[in-house]
Each structure stands twice: as structure tokens, then as C-alpha cells.
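Undergrad: Enclosed is the structure file start_0.tsv (TSV, C-alpha atoms).
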```tsv
chain	number	residue	atom	x	y	z
A	283	MET	CA	99.03	235.50	-36.05
A	284	ILE	CA	102.57	234.18	-35.46
A	285	ILE	CA	103.54	231.61	-38.09
A	286	ALA	CA	106.70	229.64	-38.81
A	287	ASN	CA	108.79	231.03	-41.67
A	288	PRO	CA	108.28	228.74	-44.71
A	289	ILE	CA	111.64	229.74	-46.17
A	290	TYR	CA	113.05	227.05	-43.88
A	291	ASP	CA	113.12	223.59	-45.44
A	292	VAL	CA	111.52	221.84	-42.50
A	293	VAL	CA	108.61	224.33	-42.45
A	294	PHE	CA	108.13	224.34	-46.22
A	295	LYS	CA	108.09	220.55	-46.18
A	296	TYR	CA	105.52	220.48	-43.37
A	297	LEU	CA	103.31	222.93	-45.26
A	298	LEU	CA	103.37	221.03	-48.57
A	299	GLU	CA	102.86	217.62	-46.99
A	300	ASP	CA	99.22	218.66	-46.59
A	301	MET	CA	97.98	217.37	-49.95
A	302	ASP	CA	94.95	219.69	-50.03
A	303	ILE	CA	97.16	222.74	-49.55
A	304	ALA	CA	99.71	221.44	-52.08
A	305	ARG	CA	97.02	220.75	-54.70
A	306	GLU	CA	95.37	224.16	-54.32
A	307	LEU	CA	98.66	226.07	-54.23
A	308	LEU	CA	100.05	224.32	-57.30
A	309	SER	CA	96.76	224.80	-59.15
A	310	ILE	CA	97.03	228.55	-58.58
A	311	ILE	CA	100.67	228.68	-59.72
A	312	LEU	CA	99.89	226.69	-62.88
A	313	ASP	CA	96.56	228.48	-63.43
A	314	GLU	CA	95.06	225.07	-64.22
A	315	GLU	CA	92.94	222.72	-62.15
A	316	ILE	CA	94.82	219.84	-60.57
A	317	VAL	CA	92.24	217.07	-60.31
A	318	SER	CA	94.45	214.73	-58.28
A	319	LEU	CA	97.88	214.96	-56.74
A	320	GLU	CA	100.10	212.42	-55.05
A	321	VAL	CA	103.69	212.33	-53.91
A	322	LYS	CA	105.53	209.69	-55.89
A	323	PRO	CA	105.71	206.71	-53.49
A	324	GLN	CA	109.30	205.84	-54.38
A	325	GLU	CA	110.44	209.43	-53.73
A	326	ARG	CA	108.90	210.92	-50.62
A	327	ALA	CA	109.62	214.54	-49.80
A	328	TYR	CA	113.25	214.81	-48.72
A	329	GLU	CA	116.08	217.23	-48.24
A	330	ILE	CA	119.45	217.48	-49.95
A	331	ALA	CA	122.27	218.78	-47.76
A	332	GLU	CA	125.54	219.14	-49.62
A	333	ASP	CA	128.16	221.86	-49.84
A	334	LYS	CA	126.47	225.25	-49.32
A	335	ILE	CA	123.03	224.44	-50.64
A	336	ARG	CA	120.06	222.74	-49.08
A	337	ILE	CA	117.52	221.87	-51.76
A	338	LEU	CA	114.08	220.64	-50.78
A	339	ARG	CA	112.53	218.50	-53.47
A	340	PHE	CA	109.04	217.15	-54.00
A	341	ASP	CA	108.14	214.90	-56.90
A	342	PHE	CA	104.40	214.77	-57.54
A	343	LYS	CA	102.36	212.78	-59.99
A	344	ALA	CA	99.32	214.83	-61.00
A	345	VAL	CA	96.27	214.76	-63.23
A	346	ILE	CA	95.60	218.23	-64.66
A	347	LYS	CA	92.46	219.47	-66.39
A	348	ASN	CA	93.22	222.16	-68.96
A	349	ARG	CA	90.86	224.90	-70.16
A	350	ASP	CA	89.47	222.61	-72.86
A	351	GLY	CA	88.48	220.08	-70.21
A	352	GLU	CA	91.17	217.63	-71.34
A	353	LEU	CA	92.84	215.53	-68.63
A	354	LYS	CA	96.56	214.87	-68.77
A	355	ASN	CA	99.00	212.99	-66.51
A	356	VAL	CA	102.17	214.89	-65.63
A	357	LEU	CA	105.14	214.77	-63.28
A	358	MET	CA	105.56	217.89	-61.19
A	359	GLU	CA	109.00	218.56	-59.77
A	360	LEU	CA	109.02	221.17	-57.03
A	361	GLN	CA	112.30	222.36	-55.53
A	362	LYS	CA	113.14	225.06	-53.00
A	363	ALA	CA	116.58	226.51	-52.37
A	364	LYS	CA	117.25	229.03	-49.61
A	365	PRO	CA	120.80	230.24	-50.49
A	366	SER	CA	122.33	230.69	-53.95
A	367	PHE	CA	122.96	227.43	-55.73
A	368	ASP	CA	124.91	225.31	-58.17
A	369	ILE	CA	122.58	224.89	-61.15
A	370	ILE	CA	124.09	221.49	-61.96
A	371	ARG	CA	122.16	219.99	-59.06
A	372	PHE	CA	118.83	221.18	-60.46
A	373	ARG	CA	119.77	219.71	-63.84
A	374	ASN	CA	120.72	216.38	-62.27
A	375	TYR	CA	117.39	216.05	-60.48
A	376	LEU	CA	115.54	216.99	-63.66
A	377	ALA	CA	117.50	214.37	-65.60
A	378	GLN	CA	116.39	211.69	-63.13
A	379	ASN	CA	112.74	212.45	-63.86
A	380	TYR	CA	113.33	212.47	-67.62
A	381	ALA	CA	114.74	208.96	-67.26
A	382	SER	CA	111.82	207.62	-65.19
A	383	THR	CA	108.57	205.92	-66.19
A	384	GLU	CA	105.28	206.03	-64.31
A	385	THR	CA	102.25	203.78	-63.98
A	386	ILE	CA	99.15	205.44	-65.43
A	387	ILE	CA	95.61	204.50	-66.41
A	388	SER	CA	95.17	204.86	-70.17
A	389	LYS	CA	92.04	206.26	-71.84
A	390	GLU	CA	90.99	202.67	-72.43
A	391	GLY	CA	91.18	202.01	-68.67
A	392	LYS	CA	94.33	199.89	-68.89
A	393	THR	CA	97.25	200.14	-66.46
A	394	GLU	CA	100.51	200.78	-68.29
A	395	LYS	CA	104.02	202.16	-67.80
A	396	TRP	CA	104.78	205.32	-69.68
A	397	VAL	CA	106.92	208.46	-69.60
A	398	LEU	CA	105.12	211.63	-68.54
A	399	PRO	CA	105.54	215.32	-69.41
A	400	ILE	CA	107.40	217.25	-66.71
A	401	ILE	CA	106.57	220.57	-65.06
A	402	SER	CA	109.25	222.20	-62.89
A	403	ILE	CA	108.51	224.68	-60.12
A	404	TYR	CA	111.32	226.45	-58.24
A	405	PHE	CA	110.92	228.45	-55.02
A	406	LEU	CA	114.10	230.54	-54.65
A	407	GLY	CA	115.12	232.18	-51.39
A	408	PHE	CA	117.59	234.38	-53.28
A	409	PRO	CA	117.21	236.83	-56.19
A	410	LEU	CA	118.30	236.02	-59.71
A	411	ASP	CA	120.76	238.41	-61.36
A	412	LYS	CA	118.70	239.79	-64.26
A	413	VAL	CA	115.02	238.85	-63.95
A	414	HIS	CA	113.40	240.60	-60.97
A	415	ASN	CA	109.79	239.45	-61.39
A	416	ALA	CA	108.49	237.72	-58.29
A	417	ALA	CA	106.77	234.93	-60.23
A	418	PHE	CA	107.19	234.03	-63.87
A	419	LYS	CA	106.65	231.18	-66.28
A	420	ILE	CA	108.91	229.89	-69.02
A	421	ASN	CA	106.64	228.08	-71.44
A	422	ARG	CA	106.89	226.46	-74.82
A	423	GLU	CA	105.28	227.32	-78.14
A	424	TYR	CA	105.15	225.34	-81.35
A	425	ILE	CA	106.25	227.71	-84.11
A	426	ASP	CA	106.70	226.99	-87.81
A	427	ILE	CA	110.20	228.35	-88.34
A	428	ILE	CA	109.58	228.75	-92.08
A	429	THR	CA	106.38	230.81	-91.91
A	430	GLY	CA	106.65	232.03	-88.30
A	431	ASP	CA	103.08	230.86	-87.62
A	432	THR	CA	102.07	229.41	-84.24
A	433	ILE	CA	101.05	225.75	-84.38
A	434	HIS	CA	98.00	225.15	-82.20
A	435	LYS	CA	98.46	221.41	-81.70
A	436	LYS	CA	100.52	219.38	-79.24
A	437	GLU	CA	102.69	216.39	-80.08
A	438	ASP	CA	103.64	213.73	-77.50
A	439	PHE	CA	107.18	213.48	-78.89
A	440	ALA	CA	107.80	217.17	-78.13
A	441	GLU	CA	105.87	217.17	-74.85
A	442	PHE	CA	107.98	214.35	-73.41
A	443	LEU	CA	111.29	215.99	-74.38
A	444	THR	CA	110.61	219.57	-73.26
A	445	HIS	CA	108.96	221.10	-70.23
A	446	ASP	CA	107.40	224.23	-68.76
A	447	CYS	CA	109.07	225.94	-65.82
A	448	TYR	CA	107.72	228.21	-63.08
A	449	ILE	CA	110.01	230.31	-60.86
A	450	ILE	CA	109.03	232.07	-57.63
A	451	GLN	CA	111.61	234.55	-56.28
A	452	LEU	CA	110.74	235.06	-52.63
A	453	PRO	CA	112.96	238.18	-52.17
A	454	HIS	CA	110.96	239.99	-54.88
A	455	LEU	CA	107.53	239.38	-53.36
A	456	GLU	CA	105.73	242.64	-52.56
A	457	ASN	CA	102.78	243.47	-50.34
A	458	GLU	CA	100.43	243.86	-53.30
A	459	LYS	CA	97.52	241.43	-53.70
A	460	ARG	CA	96.47	242.03	-57.29
A	461	ASN	CA	95.35	238.46	-57.93
A	462	LYS	CA	94.88	235.07	-56.28
A	463	LEU	CA	98.52	234.09	-56.75
A	464	GLU	CA	99.87	237.23	-55.07
A	465	ARG	CA	97.47	236.76	-52.14
A	466	VAL	CA	98.63	233.18	-51.61
A	467	LEU	CA	102.34	233.98	-51.99
A	468	GLN	CA	102.08	236.56	-49.17
A	469	VAL	CA	102.54	233.63	-46.80
A	470	PHE	CA	106.14	233.40	-48.11
A	471	ASN	CA	106.81	237.17	-48.07
A	472	GLN	CA	109.95	237.73	-46.00
A	473	GLU	CA	108.95	241.31	-45.19
A	474	TYR	CA	106.71	239.83	-42.49
A	475	LYS	CA	109.52	238.05	-40.63
A	476	LEU	CA	110.22	239.02	-37.04
A	477	LYS	CA	113.52	239.77	-35.34
A	478	ASP	CA	113.73	236.03	-34.75
A	479	GLU	CA	113.71	235.06	-38.44
A	480	HIS	CA	112.22	231.67	-37.64
A	481	PHE	CA	108.85	233.40	-37.31
A	482	MET	CA	106.62	235.83	-39.18
A	483	PHE	CA	103.68	237.99	-38.18
A	484	PHE	CA	100.95	237.32	-40.71
A	485	GLU	CA	97.45	238.77	-40.89
A	486	THR	CA	94.95	236.23	-42.20
A	487	ASP	CA	92.43	237.04	-44.89
A	488	ASP	CA	88.97	235.67	-44.16
A	489	SER	CA	88.05	236.00	-47.84
A	490	ASP	CA	90.69	233.47	-48.90
A	491	THR	CA	90.26	229.98	-47.50
A	492	LEU	CA	93.56	228.66	-48.87
A	493	VAL	CA	95.57	231.49	-47.28
A	494	ASN	CA	93.83	230.78	-43.99
A	495	LYS	CA	94.57	227.05	-44.21
A	496	MET	CA	98.23	227.75	-44.94
A	497	ALA	CA	98.51	230.29	-42.10
A	498	ILE	CA	96.87	227.94	-39.59
A	499	ARG	CA	99.18	225.09	-40.56
A	500	LEU	CA	102.22	227.38	-40.28
A	501	ALA	CA	100.99	228.57	-36.89
A	502	ARG	CA	100.97	224.95	-35.74
A	503	ALA	CA	104.53	224.63	-37.01
A	504	ALA	CA	105.54	227.72	-35.01
A	505	ALA	CA	104.22	226.10	-31.83
A	506	ASN	CA	106.08	222.84	-32.49
A	507	GLU	CA	109.26	222.56	-30.41
A	508	GLU	CA	110.84	219.98	-32.74
A	509	MET	CA	110.21	222.29	-35.69
A	510	ARG	CA	112.00	225.14	-33.90
A	511	TYR	CA	114.94	222.84	-33.18
A	512	GLN	CA	115.14	221.87	-36.86
A	513	MET	CA	115.16	225.55	-37.88
A	514	ASP	CA	118.05	226.16	-35.47
A	515	PHE	CA	119.85	223.23	-37.06
A	516	GLU	CA	119.33	224.68	-40.56
A	517	ASP	CA	120.77	228.02	-39.42
A	518	GLU	CA	123.84	226.33	-37.99
A	519	PHE	CA	124.22	224.17	-41.07
A	520	ASN	CA	124.11	227.22	-43.35
A	521	ARG	CA	126.63	229.06	-41.16
A	522	VAL	CA	129.04	226.11	-41.33
A	523	MET	CA	128.55	225.74	-45.07
A	524	GLN	CA	129.07	229.47	-45.56
A	525	ARG	CA	132.36	229.29	-43.64
A	526	ASN	CA	133.40	226.30	-45.74
A	527	LEU	CA	132.46	228.13	-48.90
A	528	ASP	CA	134.40	231.23	-47.81
A	529	GLU	CA	137.43	229.03	-47.11
A	530	LYS	CA	137.08	227.35	-50.51
A	531	ASN	CA	136.81	230.75	-52.18
A	532	GLN	CA	139.94	231.91	-50.36
A	533	ILE	CA	141.80	228.80	-51.52
A	534	ILE	CA	140.56	229.31	-55.08
A	535	ALA	CA	141.57	232.98	-54.97
A	536	PHE	CA	145.04	232.02	-53.62
A	537	GLN	CA	145.44	229.38	-56.33
A	538	ALA	CA	144.42	231.93	-58.95
A	539	LEU	CA	147.09	234.32	-57.64
A	540	GLU	CA	149.64	231.51	-57.71
A	541	LEU	CA	148.75	230.73	-61.33
A	542	GLU	CA	148.94	234.40	-62.25
A	543	ALA	CA	152.38	234.68	-60.59
A	544	LYS	CA	153.59	231.57	-62.46
A	545	ASP	CA	152.26	232.96	-65.75
A	546	GLN	CA	154.05	236.27	-65.12
A	547	ALA	CA	157.25	234.40	-64.23
A	548	LEU	CA	157.03	232.32	-67.40
A	549	GLU	CA	156.36	235.44	-69.45
A	550	LEU	CA	159.35	237.18	-67.88
A	551	ALA	CA	161.52	234.12	-68.42
A	552	HIS	CA	160.38	234.04	-72.04
A	553	LYS	CA	161.25	237.72	-72.49
A	554	ASN	CA	164.65	237.20	-70.86
A	555	ALA	CA	165.28	234.18	-73.05
A	556	GLU	CA	164.38	236.24	-76.13
A	557	ALA	CA	166.77	238.98	-75.02
A	558	GLU	CA	169.57	236.44	-74.45
A	559	ARG	CA	168.94	234.87	-77.86
A	560	LYS	CA	169.22	238.29	-79.47
A	561	LYS	CA	172.54	238.91	-77.70
A	562	VAL	CA	173.85	235.53	-78.85
A	563	ASP	CA	172.66	236.19	-82.41
A	564	GLU	CA	174.38	239.59	-82.38
A	565	LEU	CA	177.60	238.00	-81.04
A	566	LEU	CA	177.52	235.26	-83.67
A	567	LEU	CA	176.96	237.87	-86.36
A	568	ARG	CA	179.98	239.87	-85.15
A	569	ILE	CA	182.10	236.71	-85.04
A	570	ALA	CA	181.02	235.87	-88.61
A	571	GLU	CA	181.92	239.38	-89.77
A	572	LEU	CA	185.37	239.17	-88.09
A	573	GLU	CA	186.05	235.80	-89.65
A	574	LYS	CA	185.06	237.19	-93.04
A	575	GLN	CA	187.44	240.15	-92.58
A	576	GLY	CA	190.24	237.81	-91.44
A	577	ARG	CA	189.92	235.67	-94.57
A	578	LYS	CA	190.37	238.80	-96.64
```
Turn this file's structure into C-alpha cells for me.
TA:
Amino acid sequence: MIIANPIYDVVFKYLLEDMDIARELLSIILDEEIVSLEVKPQERAYEIAEDKIRILRFDFKAVIKNRDGELKNVLMELQKAKPSFDIIRFRNYLAQNYASTETIISKEGKTEKWVLPIISIYFLGFPLDKVHNAAFKINREYIDIITGDTIHKKEDFAEFLTHDCYIIQLPHLENEKRNKLERVLQVFNQEYKLKDEHFMFFETDDSDTLVNKMAIRLARAAANEEMRYQMDFEDEFNRVMQRNLDEKNQIIAFQALELEAKDQALELAHKNAEAERKKVDELLLRIAELEKQGRK
């Protein structure tokens, strides 16, 4: 089956706008059941296009059921970046969610405004420098720093001020299908892309309904002429931004050389000045000695 490559923002966005697919996919990544999922109405799925990076961001409000059967309201921030990025942008978007409040239904059935715990999920189209795992979680533990014991309770104060993070590195995906997550992530595996990188050849798996749903939706995207145009636009955008970045790097490198040359000039001038001062000191010393001899 020919499918559109979901590494492109426009395709990834189209895939995740299907709420059933989004809910099932995110449930598998979190390894917890998402009972309900909605895109925050004041922040629909959108794209950021600035400098070199294009970051696709989804903000979801979700109700999650944990293994104990407890329901909790959370904000889920999902971002995808195709090229390497400036981490400040991720921090800025995260800060916006930390500053926001959401309308929830309390246990007593009342509607109220409240801050929610945050879960961040990052799909990266580039490899990180040190961690090469295709998918990993950075989670939090409560630890008594006096005894070293793990605390098995959760406190709202800590939950609202810290968050779990999930990172998917698309370049490190392999063809293995050891568990449900690896089977689902095969849809993003860039080893399946064709010579025209807009498309991938993907073999569906009849035993996995979610994979099939994702593949069928991506096949529809591949047949959509407007989608293909948007992928062309993304390629051109990235080429232009890469040229701009290369030019900026050249300017920065030139400025660095200029600064280095100025530093060397100042250092040389300082050395010359020191040498001149020594000559003057020696001359003054000789003059003082001659004057002393003359007085005798």
C-alpha cells in the first residue's frame, strides 16, 4: 500500500486529526487507557514556521484511567519537529501550558477552572546526540532524600509543577515488532520511504486494527492532490530555511574570526606595549644611574 509520509507536518496533522486514531495511538505510547480526548478548542492543531524549524503542535485535554482504575484530567502536549531544533521553542510552548487553566468536572460533578498536570510527547525527525533509543519515557518518582525510600503517593502540588515526557526518535525506529508500540510506530519508519520521499510503501497488518486504520488514512492522504502540494511546499520551505541557516552560520563564523583577529591584535599590542614600557624603564634607570654618577 502506498501511503503519505507522516514525517511531513501536513500529513502528521491529517493523521492525528482523527480523534479515534489519536486516542488509541496516545494510549499505546502512555501505556494507559485514554477514556476521552479532545483538542483544546482555543488551540486547534497548527504549525509553527520560523527560522529553520517547523514544529507541529497539538494540545489535547484528556481523561486517563490508570492501572488502579482512577480517572485523572491532564493536558497532553504533542509536538513534532522534522529538522534539528532550538530547544527554547519547546520550553516556550510548555510554559504557555503551565500558565493556563482548564474547565473540568470535579468529583462532586461541579464545573470549575483548575490547572492540570501536563504530559509532553515529542516526535523527532532527527536523532538526539547521546540517547539512541527509538522511544523512551522520562518519568518522575517521589523519593525520600533522607532515607532513599520511594514514596508511593502522589501530591497535587508536585503533579502540577512537574511532568512526564515521552520522546519518539523516528530515525532510530527499526523493523522489529516486539510489542504493540513498535508495531504502531512502523507507520512512521522512514526505512519504508520511496525514492519520492513524500510517499512510503507500507504493508498492512490484518492483526492490528489501529495500524490498518492509520495506513488507510495515510493512503487517502497520498491520493490527495492538495496534500502533495503542501508536502512540496514544506520541502521548499526547508530548503530556503537551510540556505538561510547556512548563511547565518557563515556570518557567525566570519564574526568569530573577526573577534579572534581583534583579540590577537589586542594581545600583540599589549605585548608590544609591555616591551616598550620595559625599554623606557631601562632608559630611565640608566639616566638615573648617570645622574647619580654626575653628582659624585
Undergrad: Expressed in Å to a single decimal, how great is the separation between CA of Pro409 in chain A and CA of Glu473 in chain A?
TA: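 CA of Glu473 in chain A lies at a distance of 14.5 Å from CA of Pro409 in chain A.
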Undergrad: Could you give me, as a ChimeraX atom specification, the residues within 12 Å of Tyr296 in chain A, counting only C-alpha atoms and dropping anything in the same chain fewer than 2 positions from it?
TA: /A:286-294,298-301,303-304,327-328,338,340,496,499-504,506,508-509,512
Undergrad: Residues at most 10 Å from Phe442 in chain A, counting only C-alpha atoms, excluding those fewer than 5 positions away in the same chain, as a PyMOL selection string?
TA: chain A and resi 356+380+397-400+437
Undergrad: With only C-alpha atoms as the counted atoms, please give the residues lying no more than 12 Å from Glu306 in chain A, apart from itself and same-chain residues fewer than 3 positions off, as a list in words.
TA: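 Counting only C-alpha atoms, the residues come to Leu298, Asp300, Met301, Asp302, Ile303, Ser309, Ile310, Ile311, Leu312, Asp313, Glu314, Glu315, Ile316, Val317, Ser318, Leu319, Ile346, Lys462, Leu463, Val466, Asp490, Thr491, Leu492, Val493, Lys495 and Met496 of chain A.
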Undergrad: Rounded to one decimal place, report the CA of Ile428 in chain A-CA of Glu441 in chain A distance in Å.
TA: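 CA of Ile428 in chain A sits 21.1 Å away from CA of Glu441 in chain A.
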Undergrad: Using all atoms listed in the file, which of the listed residues (A:Ile449, A:Leu357, A:Ala505, A:Ile285) sits closest to Lys343 in chain A?
TA: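 Going through A:Ile449, A:Leu357, A:Ala505, A:Ile285 one by one, the smallest distance to Lys343 in chain A is for A:Leu357.
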Undergrad: Mind giving me the straight-line distance from CA of Ala363 in chain A to CA of Lys347 in chain A in Å, one decimal?
TA: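 Answer for the CA of Ala363 in chain A to CA of Lys347 in chain A separation: 28.8 Å.
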Undergrad: Can you work out which one of A:Thr486, A:Asn471, A:Ser402, A:Thr444 has the shortest atom-to-atom distance to Arg422 in chain A, counting all atoms listed in the file?
TA: A:Thr444
Undergrad: Could you add the missing atoms to range 417-443 of chain A, up to N, CA, C and O atoms, and return them as a compact mmCIF listing (two decimals), keeping the file's coordinate frame?
TA:
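Once written, result-v1.txt looks like this:
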```txt
# COMPACT_ATOMS: atom_id res chain seq x y z
N ALA A 417 107.24 236.23 -59.75
CA ALA A 417 106.77 234.93 -60.23
C ALA A 417 106.66 234.98 -61.74
O ALA A 417 106.00 235.88 -62.29
N PHE A 418 107.29 234.05 -62.41
CA PHE A 418 107.19 234.03 -63.87
C PHE A 418 107.26 232.61 -64.41
O PHE A 418 107.72 231.69 -63.75
N LYS A 419 106.74 232.48 -65.62
CA LYS A 419 106.65 231.18 -66.28
C LYS A 419 107.49 231.19 -67.54
O LYS A 419 107.52 232.17 -68.28
N ILE A 420 108.18 230.08 -67.77
CA ILE A 420 108.91 229.89 -69.02
C ILE A 420 108.19 228.75 -69.73
O ILE A 420 108.27 227.59 -69.32
N ASN A 421 107.45 229.11 -70.78
CA ASN A 421 106.64 228.08 -71.44
C ASN A 421 107.11 227.84 -72.87
O ASN A 421 107.99 228.53 -73.38
N ARG A 422 106.48 226.88 -73.49
CA ARG A 422 106.89 226.46 -74.82
C ARG A 422 105.78 226.78 -75.82
O ARG A 422 104.60 226.67 -75.51
N GLU A 423 106.20 227.14 -77.03
CA GLU A 423 105.28 227.32 -78.14
C GLU A 423 105.76 226.50 -79.32
O GLU A 423 106.97 226.30 -79.50
N TYR A 424 104.82 226.02 -80.11
CA TYR A 424 105.15 225.34 -81.35
C TYR A 424 105.08 226.39 -82.46
O TYR A 424 104.02 226.96 -82.70
N ILE A 425 106.20 226.67 -83.09
CA ILE A 425 106.25 227.71 -84.11
C ILE A 425 106.86 227.15 -85.39
O ILE A 425 107.92 226.51 -85.37
N ASP A 426 106.17 227.36 -86.50
CA ASP A 426 106.70 226.99 -87.81
C ASP A 426 107.83 227.96 -88.14
O ASP A 426 107.61 229.15 -88.33
N ILE A 427 109.05 227.46 -88.16
CA ILE A 427 110.20 228.35 -88.34
C ILE A 427 110.39 228.78 -89.80
O ILE A 427 111.29 229.58 -90.10
N ILE A 428 109.55 228.28 -90.70
CA ILE A 428 109.58 228.75 -92.08
C ILE A 428 108.62 229.92 -92.26
O ILE A 428 108.98 230.96 -92.82
N THR A 429 107.39 229.75 -91.75
CA THR A 429 106.38 230.81 -91.91
C THR A 429 106.29 231.73 -90.69
O THR A 429 105.78 232.84 -90.78
N GLY A 430 106.77 231.25 -89.52
CA GLY A 430 106.65 232.03 -88.30
C GLY A 430 105.30 231.88 -87.62
O GLY A 430 105.05 232.51 -86.59
N ASP A 431 104.42 231.05 -88.18
CA ASP A 431 103.08 230.86 -87.62
C ASP A 431 103.13 229.98 -86.37
O ASP A 431 103.96 229.07 -86.26
N THR A 432 102.21 230.24 -85.43
CA THR A 432 102.07 229.41 -84.24
C THR A 432 101.27 228.16 -84.59
O THR A 432 100.24 228.25 -85.26
N ILE A 433 101.74 227.02 -84.15
CA ILE A 433 101.05 225.75 -84.38
C ILE A 433 100.20 225.46 -83.14
O ILE A 433 100.72 225.40 -82.03
N HIS A 434 98.92 225.28 -83.33
CA HIS A 434 98.00 225.15 -82.20
C HIS A 434 97.68 223.69 -81.88
O HIS A 434 96.58 223.38 -81.44
N LYS A 435 98.62 222.82 -82.05
CA LYS A 435 98.46 221.41 -81.70
C LYS A 435 99.64 220.97 -80.86
O LYS A 435 100.70 221.59 -80.89
N LYS A 436 99.46 219.91 -80.09
CA LYS A 436 100.52 219.38 -79.24
C LYS A 436 100.90 217.98 -79.73
O LYS A 436 100.05 217.21 -80.16
N GLU A 437 102.18 217.69 -79.65
CA GLU A 437 102.69 216.39 -80.08
C GLU A 437 103.40 215.71 -78.92
O GLU A 437 104.24 216.33 -78.27
N ASP A 438 103.05 214.44 -78.63
CA ASP A 438 103.64 213.73 -77.50
C ASP A 438 105.16 213.73 -77.56
O ASP A 438 105.84 213.91 -76.54
N PHE A 439 105.72 213.53 -78.74
CA PHE A 439 107.18 213.48 -78.89
C PHE A 439 107.82 214.74 -78.30
O PHE A 439 108.79 214.66 -77.55
N ALA A 440 107.25 215.90 -78.63
CA ALA A 440 107.80 217.17 -78.13
C ALA A 440 107.48 217.38 -76.67
O ALA A 440 108.30 217.89 -75.90
N GLU A 441 106.28 216.96 -76.24
CA GLU A 441 105.87 217.17 -74.85
C GLU A 441 106.74 216.39 -73.88
O GLU A 441 107.02 216.83 -72.78
N PHE A 442 107.18 215.19 -74.30
CA PHE A 442 107.98 214.35 -73.41
C PHE A 442 109.45 214.79 -73.35
O PHE A 442 110.18 214.40 -72.45
N LEU A 443 109.88 215.59 -74.32
CA LEU A 443 111.29 215.99 -74.38
C LEU A 443 111.53 217.44 -73.98
O LEU A 443 112.67 217.90 -73.94
```
